[in-house]
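Visitor: Sharing final.txt, compact mmCIF, C-alpha atoms and all ligand atoms:
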# COMPACT_ATOMS: atom_id res chain seq x y z
CA MET A 1 10.99 22.18 10.66
CA HIS A 2 9.88 19.24 8.52
CA PRO A 3 8.46 16.70 10.98
CA TYR A 4 10.87 14.02 9.78
CA GLU A 5 14.03 16.09 9.96
CA THR A 6 15.09 14.51 13.21
CA LEU A 7 14.49 10.96 12.01
CA LEU A 8 16.78 8.63 10.09
CA SER A 9 14.26 5.83 9.42
CA TRP A 10 10.48 5.91 9.52
CA ILE A 11 7.22 4.61 8.06
CA GLU A 12 4.62 6.71 6.23
CA LEU A 13 1.04 5.46 5.94
CA ASP A 14 -1.10 6.83 3.14
CA ALA A 15 -4.59 7.37 4.55
CA ASP A 16 -6.04 8.07 1.09
CA ALA A 17 -4.67 4.81 -0.33
CA LEU A 18 -6.17 2.91 2.57
CA SER A 19 -9.59 4.54 2.05
CA HIS A 20 -9.41 3.75 -1.64
CA ASN A 21 -8.65 0.08 -0.92
CA LEU A 22 -11.32 -0.32 1.74
CA GLN A 23 -13.88 1.36 -0.51
CA THR A 24 -12.88 -0.98 -3.30
CA PHE A 25 -13.68 -3.98 -1.09
CA ARG A 26 -16.91 -2.32 0.05
CA SER A 27 -17.93 -1.86 -3.56
CA LEU A 28 -17.42 -5.57 -4.26
CA ILE A 29 -19.66 -6.84 -1.46
CA PRO A 30 -23.40 -6.30 -0.96
CA ALA A 31 -24.36 -3.37 1.28
CA GLN A 32 -25.63 -5.60 4.08
CA THR A 33 -22.47 -7.72 4.17
CA LYS A 34 -20.18 -6.72 7.03
CA LEU A 35 -16.55 -5.86 6.45
CA GLN A 36 -14.11 -7.19 9.01
CA TRP A 37 -10.79 -5.44 8.67
CA VAL A 38 -8.00 -7.80 9.66
CA VAL A 39 -5.37 -5.86 11.63
CA LYS A 40 -3.47 -8.77 13.16
CA ALA A 41 0.34 -8.73 13.29
CA ASN A 42 0.45 -5.03 14.05
CA ALA A 43 -1.87 -4.35 11.10
CA TYR A 44 0.38 -6.37 8.77
CA GLY A 45 3.34 -4.38 10.05
CA HIS A 46 1.72 -1.02 9.32
CA GLY A 47 1.18 -0.21 13.01
CA LEU A 48 -2.00 -1.03 14.88
CA GLU A 49 -2.39 2.28 16.72
CA PRO A 50 -2.25 4.57 13.67
CA MET A 51 -4.69 2.23 11.91
CA ILE A 52 -7.33 2.52 14.63
CA GLY A 53 -8.14 6.15 13.82
CA LEU A 54 -8.37 5.21 10.15
CA ALA A 55 -10.65 2.27 10.97
CA GLN A 56 -13.09 4.75 12.51
CA GLU A 57 -12.98 7.09 9.51
CA ASN A 58 -13.42 4.27 7.05
CA GLU A 59 -16.42 2.76 8.79
CA VAL A 60 -15.22 -0.78 8.96
CA ASP A 61 -17.70 -2.94 10.86
CA VAL A 62 -15.39 -5.21 12.81
CA LEU A 63 -11.68 -5.42 13.58
CA GLY A 64 -10.06 -8.84 13.30
CA VAL A 65 -7.04 -9.42 15.57
CA HIS A 66 -5.04 -12.49 16.45
CA SER A 67 -4.55 -12.09 20.19
CA ILE A 68 -5.90 -10.60 23.39
CA GLU A 69 -2.84 -8.34 23.50
CA GLU A 70 -3.70 -6.87 20.10
CA ALA A 71 -7.33 -6.48 21.14
CA ALA A 72 -6.26 -4.62 24.29
CA ARG A 73 -4.11 -2.29 22.17
CA ALA A 74 -7.02 -1.60 19.83
CA ARG A 75 -9.24 -0.74 22.80
CA ALA A 76 -6.53 1.47 24.35
CA ALA A 77 -6.23 3.29 21.02
CA GLY A 78 -9.93 4.12 21.16
CA TRP A 79 -11.71 1.46 19.10
CA THR A 80 -15.10 0.89 20.72
CA GLY A 81 -16.62 -1.23 17.93
CA PRO A 82 -16.66 -5.00 17.62
CA ILE A 83 -13.38 -6.92 17.75
CA HIS A 84 -13.10 -10.56 16.75
CA LEU A 85 -10.26 -12.72 18.01
CA LEU A 86 -8.94 -15.00 15.26
CA GLY A 87 -6.40 -16.87 17.38
CA PRO A 88 -6.40 -18.87 20.60
CA THR A 89 -6.42 -17.38 24.10
CA ALA A 90 -4.56 -18.73 27.14
CA ARG A 91 -6.93 -20.14 29.74
CA ALA A 92 -5.74 -17.65 32.34
CA ASN A 93 -6.63 -14.82 29.97
CA LEU A 94 -10.15 -15.85 28.98
CA ASP A 95 -11.83 -13.39 31.37
CA ARG A 96 -10.32 -10.56 29.33
CA ILE A 97 -12.53 -11.59 26.42
CA ARG A 98 -15.40 -10.37 28.56
CA SER A 99 -13.69 -7.33 30.08
CA LEU A 100 -12.54 -6.10 26.66
CA SER A 101 -15.97 -6.88 25.09
CA LEU A 102 -14.55 -9.18 22.43
CA GLU A 103 -15.98 -11.96 20.34
CA THR A 104 -13.80 -14.96 19.66
CA ILE A 105 -13.55 -17.94 17.42
CA VAL A 106 -13.71 -21.25 19.31
CA PHE A 107 -12.48 -24.66 18.26
CA ASP A 108 -12.31 -26.57 21.53
CA LEU A 109 -14.92 -27.50 24.09
CA ASP A 110 -12.93 -26.60 27.20
CA THR A 111 -12.58 -23.04 25.99
CA LEU A 112 -16.26 -22.91 25.18
CA ALA A 113 -17.19 -24.25 28.63
CA ALA A 114 -14.81 -21.86 30.38
CA LEU A 115 -16.22 -18.89 28.45
CA ASP A 116 -19.73 -20.00 29.36
CA GLN A 117 -18.75 -19.72 33.03
CA ILE A 118 -17.18 -16.30 32.52
CA GLY A 119 -19.88 -14.72 30.35
CA ASP A 120 -22.57 -12.45 31.69
CA HIS A 121 -26.06 -13.96 31.21
CA GLU A 122 -27.43 -10.57 30.22
CA ARG A 123 -24.69 -10.02 27.66
CA PRO A 124 -23.29 -13.43 26.72
CA ILE A 125 -19.92 -13.60 24.99
CA GLY A 126 -20.23 -13.95 21.21
CA VAL A 127 -18.43 -17.04 19.98
CA HIS A 128 -17.79 -18.07 16.40
CA PHE A 129 -17.41 -21.74 15.58
CA LYS A 130 -14.42 -22.28 13.35
CA LEU A 131 -15.26 -25.27 11.19
CA GLU A 132 -12.67 -27.66 9.80
CA THR A 133 -13.29 -27.90 6.08
CA GLY A 134 -9.86 -28.88 4.80
CA THR A 135 -7.33 -26.27 5.92
CA HIS A 136 -6.33 -28.31 8.97
CA ARG A 137 -5.15 -25.37 10.98
CA GLN A 138 -7.53 -24.28 13.76
CA GLY A 139 -10.95 -25.89 13.49
CA ILE A 140 -13.74 -28.09 14.83
CA LEU A 141 -13.90 -31.53 13.20
CA ALA A 142 -17.27 -32.42 11.69
CA GLU A 143 -17.65 -35.37 14.07
CA ASP A 144 -17.27 -33.06 17.10
CA LEU A 145 -19.66 -30.43 15.85
CA PRO A 146 -22.88 -31.99 17.27
CA GLU A 147 -21.41 -31.81 20.77
CA PHE A 148 -20.53 -28.14 20.33
CA ALA A 149 -24.04 -27.47 19.06
CA ARG A 150 -25.63 -29.32 22.00
CA PHE A 151 -23.49 -27.30 24.38
CA MET A 152 -24.82 -24.06 22.89
CA GLU A 153 -28.45 -25.11 23.42
CA HIS A 154 -27.96 -24.83 27.18
CA ALA A 155 -25.26 -22.19 27.35
CA ARG A 156 -26.04 -18.97 29.23
CA GLY A 157 -22.69 -17.18 29.23
CA VAL A 158 -21.97 -17.57 25.50
CA ARG A 159 -24.06 -17.17 22.37
CA LEU A 160 -23.33 -18.44 18.87
CA ALA A 161 -22.49 -15.21 17.07
CA GLY A 162 -20.88 -16.74 14.02
CA ILE A 163 -19.80 -19.75 11.99
CA SER A 164 -16.59 -19.47 10.03
CA MET A 165 -13.89 -21.22 8.07
CA HIS A 166 -10.64 -20.28 6.36
CA PHE A 167 -9.57 -21.28 2.84
CA ALA A 168 -6.39 -23.33 2.37
CA ASN A 169 -5.77 -22.90 -1.30
CA ILE A 170 -7.32 -19.82 -2.75
CA GLU A 171 -4.46 -17.39 -3.22
CA ASP A 172 -1.87 -19.75 -4.66
CA THR A 173 -3.85 -20.86 -7.68
CA THR A 174 -6.38 -19.82 -10.30
CA ASP A 175 -7.90 -23.30 -9.94
CA HIS A 176 -10.52 -22.94 -7.24
CA ARG A 177 -11.67 -26.55 -7.04
CA PHE A 178 -10.25 -27.06 -3.56
CA ALA A 179 -11.81 -23.80 -2.39
CA ARG A 180 -15.17 -24.81 -3.85
CA ALA A 181 -14.99 -28.18 -2.12
CA GLN A 182 -14.24 -26.44 1.19
CA LEU A 183 -17.12 -24.10 0.62
CA ALA A 184 -19.50 -26.99 -0.10
CA ARG A 185 -18.35 -28.69 3.11
CA PHE A 186 -18.89 -25.44 4.99
CA GLN A 187 -22.43 -25.16 3.72
CA GLU A 188 -23.20 -28.75 4.55
CA LEU A 189 -21.98 -28.23 8.12
CA SER A 190 -23.29 -24.74 8.70
CA ASP A 191 -26.82 -25.07 7.26
CA PRO A 192 -28.18 -27.23 10.10
CA LEU A 193 -26.45 -25.00 12.67
CA ARG A 194 -28.01 -21.91 11.16
CA LYS A 195 -31.46 -23.47 11.52
CA ARG A 196 -30.87 -23.81 15.25
CA PHE A 197 -28.98 -20.53 15.66
CA PRO A 198 -30.34 -18.15 13.03
CA GLU A 199 -28.51 -15.16 14.55
CA ALA A 200 -25.12 -16.67 13.77
CA ILE A 201 -23.41 -14.90 10.88
CA ARG A 202 -21.35 -16.91 8.42
CA HIS A 203 -17.92 -15.73 7.30
CA THR A 204 -15.34 -17.43 5.14
CA ALA A 205 -13.79 -14.92 2.74
CA CYS A 206 -10.25 -13.53 2.97
CA THR A 207 -8.98 -11.01 0.40
CA ALA A 208 -8.49 -13.56 -2.40
CA ALA A 209 -12.00 -14.95 -1.89
CA VAL A 210 -13.55 -11.48 -1.99
CA LEU A 211 -11.73 -10.77 -5.24
CA THR A 212 -12.53 -14.04 -6.95
CA MET A 213 -15.49 -15.93 -5.39
CA PRO A 214 -18.64 -13.96 -4.52
CA GLU A 215 -20.32 -17.15 -3.30
CA THR A 216 -18.00 -16.98 -0.26
CA TYR A 217 -19.28 -13.64 1.08
CA PHE A 218 -22.24 -14.67 3.29
CA GLU A 219 -22.88 -12.16 6.11
CA MET A 220 -19.29 -10.94 6.58
CA VAL A 221 -15.92 -10.95 4.80
CA ARG A 222 -12.50 -10.67 6.45
CA VAL A 223 -10.10 -8.52 4.48
CA GLY A 224 -6.41 -8.20 5.31
CA ILE A 225 -3.71 -7.90 2.66
CA GLY A 226 -5.87 -6.20 0.02
CA SER A 227 -6.73 -3.33 2.34
CA TYR A 228 -3.02 -2.56 2.63
CA GLY A 229 -2.80 -2.34 -1.14
CA TYR A 230 -1.41 -5.73 -2.07
CA TRP A 231 -2.81 -8.54 -4.17
CA PRO A 232 -2.57 -11.85 -2.31
CA SER A 233 -0.77 -13.27 -5.36
CA ARG A 234 -0.43 -12.90 -9.10
CA GLU A 235 -2.89 -15.80 -9.47
CA THR A 236 -5.52 -13.80 -7.58
CA LEU A 237 -4.97 -10.85 -9.87
CA VAL A 238 -5.46 -13.04 -12.93
CA ALA A 239 -8.52 -14.82 -11.53
CA CYS A 240 -10.05 -11.51 -10.46
CA ARG A 241 -9.46 -9.88 -13.84
CA ASP A 242 -11.16 -12.84 -15.52
CA ARG A 243 -14.14 -12.62 -13.19
CA ILE A 244 -14.79 -8.91 -12.89
CA GLY A 245 -13.73 -7.75 -16.33
CA ARG A 246 -12.83 -4.28 -15.10
CA PRO A 247 -9.53 -3.27 -13.61
CA ILE A 248 -9.33 -3.08 -9.84
CA SER A 249 -6.57 -0.97 -8.41
CA LEU A 250 -5.10 -1.52 -4.99
CA LEU A 251 -2.73 1.14 -3.69
CA PRO A 252 0.08 0.28 -1.28
CA VAL A 253 -0.43 2.13 1.99
CA LEU A 254 3.02 1.82 3.52
CA SER A 255 6.26 3.53 2.56
CA TRP A 256 9.49 2.95 4.44
CA LYS A 257 12.00 5.76 4.27
CA ALA A 258 15.43 6.47 5.66
CA ARG A 259 18.18 9.04 5.36
CA ILE A 260 21.75 8.56 4.26
CA GLY A 261 23.88 8.51 7.41
CA GLN A 262 27.31 8.52 5.78
CA LEU A 263 28.50 9.08 2.24
CA ARG A 264 32.00 8.50 0.90
CA THR A 265 34.01 7.12 -1.97
CA ILE A 266 35.84 3.85 -1.46
CA PRO A 267 38.60 2.69 -3.80
CA GLY A 268 38.05 0.05 -6.48
CA GLY A 269 38.84 -3.42 -5.10
CA SER A 270 37.52 -2.66 -1.58
CA TYR A 271 35.58 -5.30 0.28
CA VAL A 272 32.32 -4.15 1.79
CA GLY A 273 30.87 -5.33 5.08
CA TYR A 274 30.88 -8.53 7.10
CA GLY A 275 32.34 -11.67 5.66
CA CYS A 276 34.08 -9.75 2.85
CA SER A 277 31.21 -11.14 0.77
CA ASP A 278 31.16 -8.23 -1.66
CA ARG A 279 33.98 -6.42 -3.43
CA VAL A 280 33.56 -3.33 -5.56
CA GLY A 281 35.25 -3.34 -8.96
CA ARG A 282 35.47 0.41 -9.39
CA ALA A 283 35.87 3.44 -7.13
CA THR A 284 32.43 3.49 -5.54
CA ARG A 285 30.34 6.19 -4.00
CA MET A 286 28.91 4.30 -1.04
CA ALA A 287 26.12 5.43 1.27
CA VAL A 288 25.41 3.99 4.68
CA LEU A 289 21.79 3.70 5.83
CA PRO A 290 20.72 3.30 9.44
CA VAL A 291 18.46 0.32 8.64
CA GLY A 292 19.14 -3.36 9.23
CA TYR A 293 17.63 -6.76 9.79
CA SER A 294 16.56 -5.81 13.32
CA ASP A 295 14.21 -3.31 11.67
CA GLY A 296 12.72 -6.09 9.57
CA TYR A 297 14.82 -5.52 6.47
CA ASP A 298 15.62 -9.11 5.62
CA ARG A 299 19.26 -10.21 5.68
CA GLY A 300 18.43 -12.32 2.63
CA LEU A 301 18.42 -9.06 0.67
CA SER A 302 22.21 -8.78 1.11
CA ARG A 303 23.74 -8.05 -2.33
CA LEU A 304 20.28 -8.55 -3.87
CA GLY A 305 18.00 -5.73 -2.81
CA HIS A 306 17.72 -2.20 -4.11
CA VAL A 307 16.58 1.08 -2.63
CA LEU A 308 15.59 4.32 -4.32
CA VAL A 309 17.69 7.47 -4.07
CA ARG A 310 16.80 10.58 -6.05
CA GLY A 311 14.41 8.48 -8.13
CA ARG A 312 17.06 5.92 -9.08
CA ARG A 313 17.61 2.35 -8.02
CA ALA A 314 20.69 1.84 -5.86
CA PRO A 315 21.86 -1.72 -5.12
CA ILE A 316 22.73 -3.03 -1.69
CA LEU A 317 26.42 -3.67 -1.16
CA GLY A 318 27.58 -6.54 1.04
CA ARG A 319 25.55 -7.98 3.88
CA VAL A 320 22.66 -6.33 5.60
CA CYS A 321 23.81 -5.75 9.21
CA MET A 322 21.73 -5.57 12.38
CA ASN A 323 21.15 -1.81 12.19
CA ILE A 324 22.99 -0.74 9.06
CA LEU A 325 23.17 -1.43 5.36
CA MET A 326 25.38 -0.07 2.60
CA ILE A 327 24.31 0.95 -0.88
CA ASP A 328 26.07 1.86 -4.10
CA VAL A 329 25.12 5.39 -5.19
CA THR A 330 27.90 5.86 -7.76
CA ASP A 331 25.30 6.28 -10.52
CA VAL A 332 23.06 8.66 -8.62
CA PRO A 333 23.91 12.26 -9.56
CA ASP A 334 24.10 14.89 -6.81
CA VAL A 335 23.55 12.45 -4.00
CA ALA A 336 24.00 14.10 -0.60
CA ARG A 337 24.15 13.12 3.04
CA GLU A 338 20.69 12.95 4.62
CA ASP A 339 19.07 12.38 1.25
CA GLU A 340 15.76 10.59 1.62
CA VAL A 341 15.98 6.95 0.62
CA ILE A 342 13.03 4.69 -0.15
CA LEU A 343 13.26 1.12 1.10
CA LEU A 344 9.62 0.43 0.23
CA GLY A 345 7.44 2.74 -1.78
CA ALA A 346 7.71 5.05 -4.77
CA GLN A 347 10.03 7.89 -5.73
CA GLY A 348 9.96 9.59 -9.09
CA ASP A 349 9.03 6.96 -11.67
CA GLU A 350 10.48 4.09 -9.69
CA SER A 351 8.88 1.98 -7.02
CA ILE A 352 9.83 -0.91 -4.80
CA GLN A 353 6.95 -2.86 -3.31
CA ALA A 354 6.77 -5.59 -0.71
CA THR A 355 6.05 -8.07 -3.49
CA ASP A 356 9.40 -7.19 -5.12
CA LEU A 357 11.33 -7.83 -1.91
CA ALA A 358 9.25 -10.96 -1.29
CA GLU A 359 10.21 -12.37 -4.68
CA GLN A 360 13.89 -11.74 -4.00
CA ILE A 361 13.83 -13.62 -0.71
CA GLN A 362 11.29 -16.25 -1.82
CA THR A 363 8.48 -15.34 0.47
CA ILE A 364 5.20 -13.42 0.25
CA SER A 365 4.41 -9.74 0.70
CA TYR A 366 2.56 -10.62 3.91
CA GLU A 367 5.81 -11.67 5.60
CA VAL A 368 7.85 -8.72 4.34
CA LEU A 369 5.24 -6.33 5.72
CA ALA A 370 4.46 -8.13 8.97
CA ARG A 371 8.12 -8.23 9.97
CA ILE A 372 8.70 -4.48 9.75
CA SER A 373 9.75 -3.52 13.25
CA PRO A 374 6.98 -2.05 15.40
CA THR A 375 9.55 0.31 16.91
CA LEU A 376 9.97 2.43 13.76
CA PRO A 377 8.08 5.74 14.01
CA ARG A 378 4.91 5.78 11.92
CA PHE A 379 3.11 8.78 10.40
CA VAL A 380 -0.23 9.01 8.69
CA ILE A 381 -0.04 11.07 5.50
CA ARG A 382 -2.98 12.57 3.61
CA GLY A 383 -3.52 14.45 0.41
CA PRO A 384 -1.16 14.90 -2.52
CA GLN A 385 2.39 13.89 -1.74
CA THR A 386 5.49 15.85 -2.42
CA ALA A 387 8.46 13.59 -3.00
C1 LIG A 401 -5.24 -13.37 8.17
C2 LIG A 401 -6.60 -13.86 8.03
C3 LIG A 401 -7.48 -13.28 7.11
C4 LIG A 401 -7.06 -12.21 6.12
O1 LIG A 401 -6.40 -12.79 5.04
P1 LIG A 401 -5.91 -11.88 3.79
O2 LIG A 401 -5.43 -12.85 2.80
O3 LIG A 401 -4.81 -11.03 4.34
O4 LIG A 401 -7.08 -11.09 3.39
C5 LIG A 401 -8.78 -13.71 7.09
N1 LIG A 401 -9.21 -14.68 7.93
C6 LIG A 401 -8.39 -15.28 8.83
C7 LIG A 401 -8.90 -16.32 9.72
C8 LIG A 401 -7.05 -14.89 8.89
O5 LIG A 401 -6.24 -15.50 9.76
Mind turning the file's structure into structure tokens?

Guide:
Amino acid sequence: MHPYETLLSWIELDADALSHNLQTFRSLIPAQTKLQWVVKANAYGHGLEPMIGLAQENEVDVLGVHSIEEAARARAAGWTGPIHLLGPTARANLDRIRSLSLETIVFDLDTLAALDQIGDHERPIGVHFKLETGTHRQGILAEDLPEFARFMEHARGVRLAGISMHFANIEDTTDHRFARAQLARFQELSDPLRKRFPEAIRHTACTAAVLTMPETYFEMVRVGIGSYGYWPSRETLVACRDRIGRPISLLPVLSWKARIGQLRTIPGGSYVGYGCSDRVGRATRMAVLPVGYSDGYDRGLSRLGHVLVRGRRAPILGRVCMNILMIDVTDVPDVAREDEVILLGAQGDESIQATDLAEQIQTISYEVLARISPTLPRFVIRGPQTA
């Protein structure tokens, strides 16, 4: 039996596409620069657990996660390499940074002092100062930095493993003046620290920075969206093409598939779904899919989105429901119940990518991907695909 025969909605993850993308990023950075693979938000909705095996195969140096909970899942799934926490940790949970052998960014002194108490003097906890350079999200203000540095001089339970920052305005524009100003600020703040703590690695680059600004690489880069096969934005694509002068291909890793649950013809003039918001003009072959907004298929796609059936685009009829949506398959020849439907991915010559859905609901591919329900079954696929 085909492994998916029992399923009505699932995610396929293309291991070859992922390797291609990670190798692409490897090829852009110097050999000694570390690659942190950012797998926060359930690996951008792809599924953290299936990605752990692929992280091992692809020889990424470090995993970047947001929370202790994600770090614990990565450990449980067998990742023994370095993990860096990118988000804050509740005070009552700080001891798990030690027990899970994590490194963490820090941006407040209480956390630093508490970690110093928790850390083993033989194997101090690696902390990474997150410097405020203009993003005004998480960060240490320049005026507070000397106190952090003084603390480290006497610390026994923590060691300064890294110095980092995050760009505010690098993916939304081809004008990198703000990014360059942040970078200059970072250098001004990090140079004196590096003299005192030469072991500390510097890291600033997200996907867009890796693709467009080599001066941001330092000792490690942190790649998220690009590894999953998406450009951070059209502006990044343009800026990268101008800089590199050769085409770079990124291949989407995730496909979301479902099967037609019901198929029937409804008479012309029928209303479809909640709110009677849609009415078909002609007799319509309508298919019902067992996918809804609770799965992460945005309700904003009601009457807007499309899916692929037998290589053709089929529009969504009416409102996306909690677990169900309806599509118009009148123009799809030979459509049958249990036909495979593509919500995200390619079929025949057609494809629907997260960027397409993002445009329709005025958001970014990151959000479309990250909101795909973690409860959908996920499968890693390798080798040539049969549609
Ligand atoms: C999410 C995140 C990244 C990755 O960003 P992409 O644009 O997905 O590459 C890098 N660094 C930090 C601190 C992040 O939060």

Visitor: Within 6 Å of ligand LIG 401 (chain A) (counting all atoms listed in the file), which residues show up? I'd like them as a PyMOL selection string.

Guide: chain A and resi 38+86+166+206-207+222-225+232

Visitor: Using C-alpha atoms, can you write the selected residues to a file as a PDB file, in the frame of the given file?

Guide:
ATOM      1  CA  VAL A  38      -8.000  -7.800   9.660  1.00  0.00           C
ATOM      2  CA  LEU A  86      -8.940 -15.000  15.260  1.00  0.00           C
ATOM      3  CA  HIS A 166     -10.640 -20.280   6.360  1.00  0.00           C
ATOM      4  CA  CYS A 206     -10.250 -13.530   2.970  1.00  0.00           C
ATOM      5  CA  THR A 207      -8.980 -11.010   0.400  1.00  0.00           C
ATOM      6  CA  ARG A 222     -12.500 -10.670   6.450  1.00  0.00           C
ATOM      7  CA  VAL A 223     -10.100  -8.520   4.480  1.00  0.00           C
ATOM      8  CA  GLY A 224      -6.410  -8.200   5.310  1.00  0.00           C
ATOM      9  CA  ILE A 225      -3.710  -7.900   2.660  1.00  0.00           C
ATOM     10  CA  PRO A 232      -2.570 -11.850  -2.310  1.00  0.00           C
TER      11      PRO A 232
END

Visitor: So which residues are close to (17.0, -6.9, 14.5), meaning at most 9 Å away in the file's coordinates with only C-alpha atoms counted, and can you show them as a list in words?

Guide: Gly292, Tyr293, Ser294, Asp295, Gly296, Tyr297, Cys321, Met322, Asn323 and Ser373 of chain A

Visitor: List as a ChimeraX atom specification the protein and nucleic acid residues near segment 226-228 of chain A, meaning an atom at most 12 Å away when all atoms listed in the file are counted, but skip any in the same chain fewer than 6 places from it.

Guide: /A:13-26,35-39,43-47,51,54-55,58,60,171,206-211,236-237,248-255,353-354,365-366,369-370

Visitor: Any chance you can output those residues with C-alpha atoms as a compact mmCIF listing (two decimals), in the frame of the given file?

Guide:
# COMPACT_ATOMS: atom_id res chain seq x y z
CA LEU A 13 1.04 5.46 5.94
CA ASP A 14 -1.10 6.83 3.14
CA ALA A 15 -4.59 7.37 4.55
CA ASP A 16 -6.04 8.07 1.09
CA ALA A 17 -4.67 4.81 -0.33
CA LEU A 18 -6.17 2.91 2.57
CA SER A 19 -9.59 4.54 2.05
CA HIS A 20 -9.41 3.75 -1.64
CA ASN A 21 -8.65 0.08 -0.92
CA LEU A 22 -11.32 -0.32 1.74
CA GLN A 23 -13.88 1.36 -0.51
CA THR A 24 -12.88 -0.98 -3.30
CA PHE A 25 -13.68 -3.98 -1.09
CA ARG A 26 -16.91 -2.32 0.05
CA LEU A 35 -16.55 -5.86 6.45
CA GLN A 36 -14.11 -7.19 9.01
CA TRP A 37 -10.79 -5.44 8.67
CA VAL A 38 -8.00 -7.80 9.66
CA VAL A 39 -5.37 -5.86 11.63
CA ALA A 43 -1.87 -4.35 11.10
CA TYR A 44 0.38 -6.37 8.77
CA GLY A 45 3.34 -4.38 10.05
CA HIS A 46 1.72 -1.02 9.32
CA GLY A 47 1.18 -0.21 13.01
CA MET A 51 -4.69 2.23 11.91
CA LEU A 54 -8.37 5.21 10.15
CA ALA A 55 -10.65 2.27 10.97
CA ASN A 58 -13.42 4.27 7.05
CA VAL A 60 -15.22 -0.78 8.96
CA GLU A 171 -4.46 -17.39 -3.22
CA CYS A 206 -10.25 -13.53 2.97
CA THR A 207 -8.98 -11.01 0.40
CA ALA A 208 -8.49 -13.56 -2.40
CA ALA A 209 -12.00 -14.95 -1.89
CA VAL A 210 -13.55 -11.48 -1.99
CA LEU A 211 -11.73 -10.77 -5.24
CA THR A 236 -5.52 -13.80 -7.58
CA LEU A 237 -4.97 -10.85 -9.87
CA ILE A 248 -9.33 -3.08 -9.84
CA SER A 249 -6.57 -0.97 -8.41
CA LEU A 250 -5.10 -1.52 -4.99
CA LEU A 251 -2.73 1.14 -3.69
CA PRO A 252 0.08 0.28 -1.28
CA VAL A 253 -0.43 2.13 1.99
CA LEU A 254 3.02 1.82 3.52
CA SER A 255 6.26 3.53 2.56
CA GLN A 353 6.95 -2.86 -3.31
CA ALA A 354 6.77 -5.59 -0.71
CA SER A 365 4.41 -9.74 0.70
CA TYR A 366 2.56 -10.62 3.91
CA LEU A 369 5.24 -6.33 5.72
CA ALA A 370 4.46 -8.13 8.97

Visitor: At a cut-off of 8 Å, using only C-alpha atoms, what residues contact segment 134-151 of chain A? Leave out same-chain residues fewer than 2 positions from it and give the result as number ranges by chain.

Guide: A: 106-109, 129-132, 153-155, 165-168, 182, 189, 193

Visitor: Can you work out the spacing between atom CA of Phe218 of chain A and atom CA of Asp191 of chain A in Å, to one decimal?

Guide: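 Between atom CA of Phe218 of chain A and atom CA of Asp191 of chain A the gap is 12.0 Å.
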
Visitor: Just to confirm, what's the straight-line distance from atom CA of Pro88 of chain A to atom CA of Pro192 of chain A in Å (one decimal)?

Guide: 25.6 Å

Visitor: Kindly indicate which residue among A:Pro50, A:Phe197, A:Thr89, A:Arg378 lies nearest to Glu103 of chain A, using only C-alpha atoms for the distances.

Guide: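 Ranking A:Pro50, A:Phe197, A:Thr89, A:Arg378 by distance to Glu103 of chain A, first place goes to A:Thr89.
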
Visitor: Between atom CA of Thr133 of chain A and atom CA of Asp61 of chain A, what is the spacing in Å?

Guide: 25.8 Å

Visitor: Name all residues at most 9 Å from segment 334-343 of chain A (count only C-alpha atoms; drop same-chain ones fewer than 2 positions away) and give them as a PyMOL selection string.

Guide: chain A and resi 8+255-263+287+289+297+306-311+329-330+332+345-347+351-353

Visitor: Find the residue from A:Leu94, A:Leu63, A:Cys276, A:Ala31 that sits nearest to Asp110 of chain A; use all atoms listed in the file when measuring.

Guide: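 Checking each of A:Leu94, A:Leu63, A:Cys276, A:Ala31 against Asp110 of chain A, counting all atoms listed in the file, the winner is A:Leu94.
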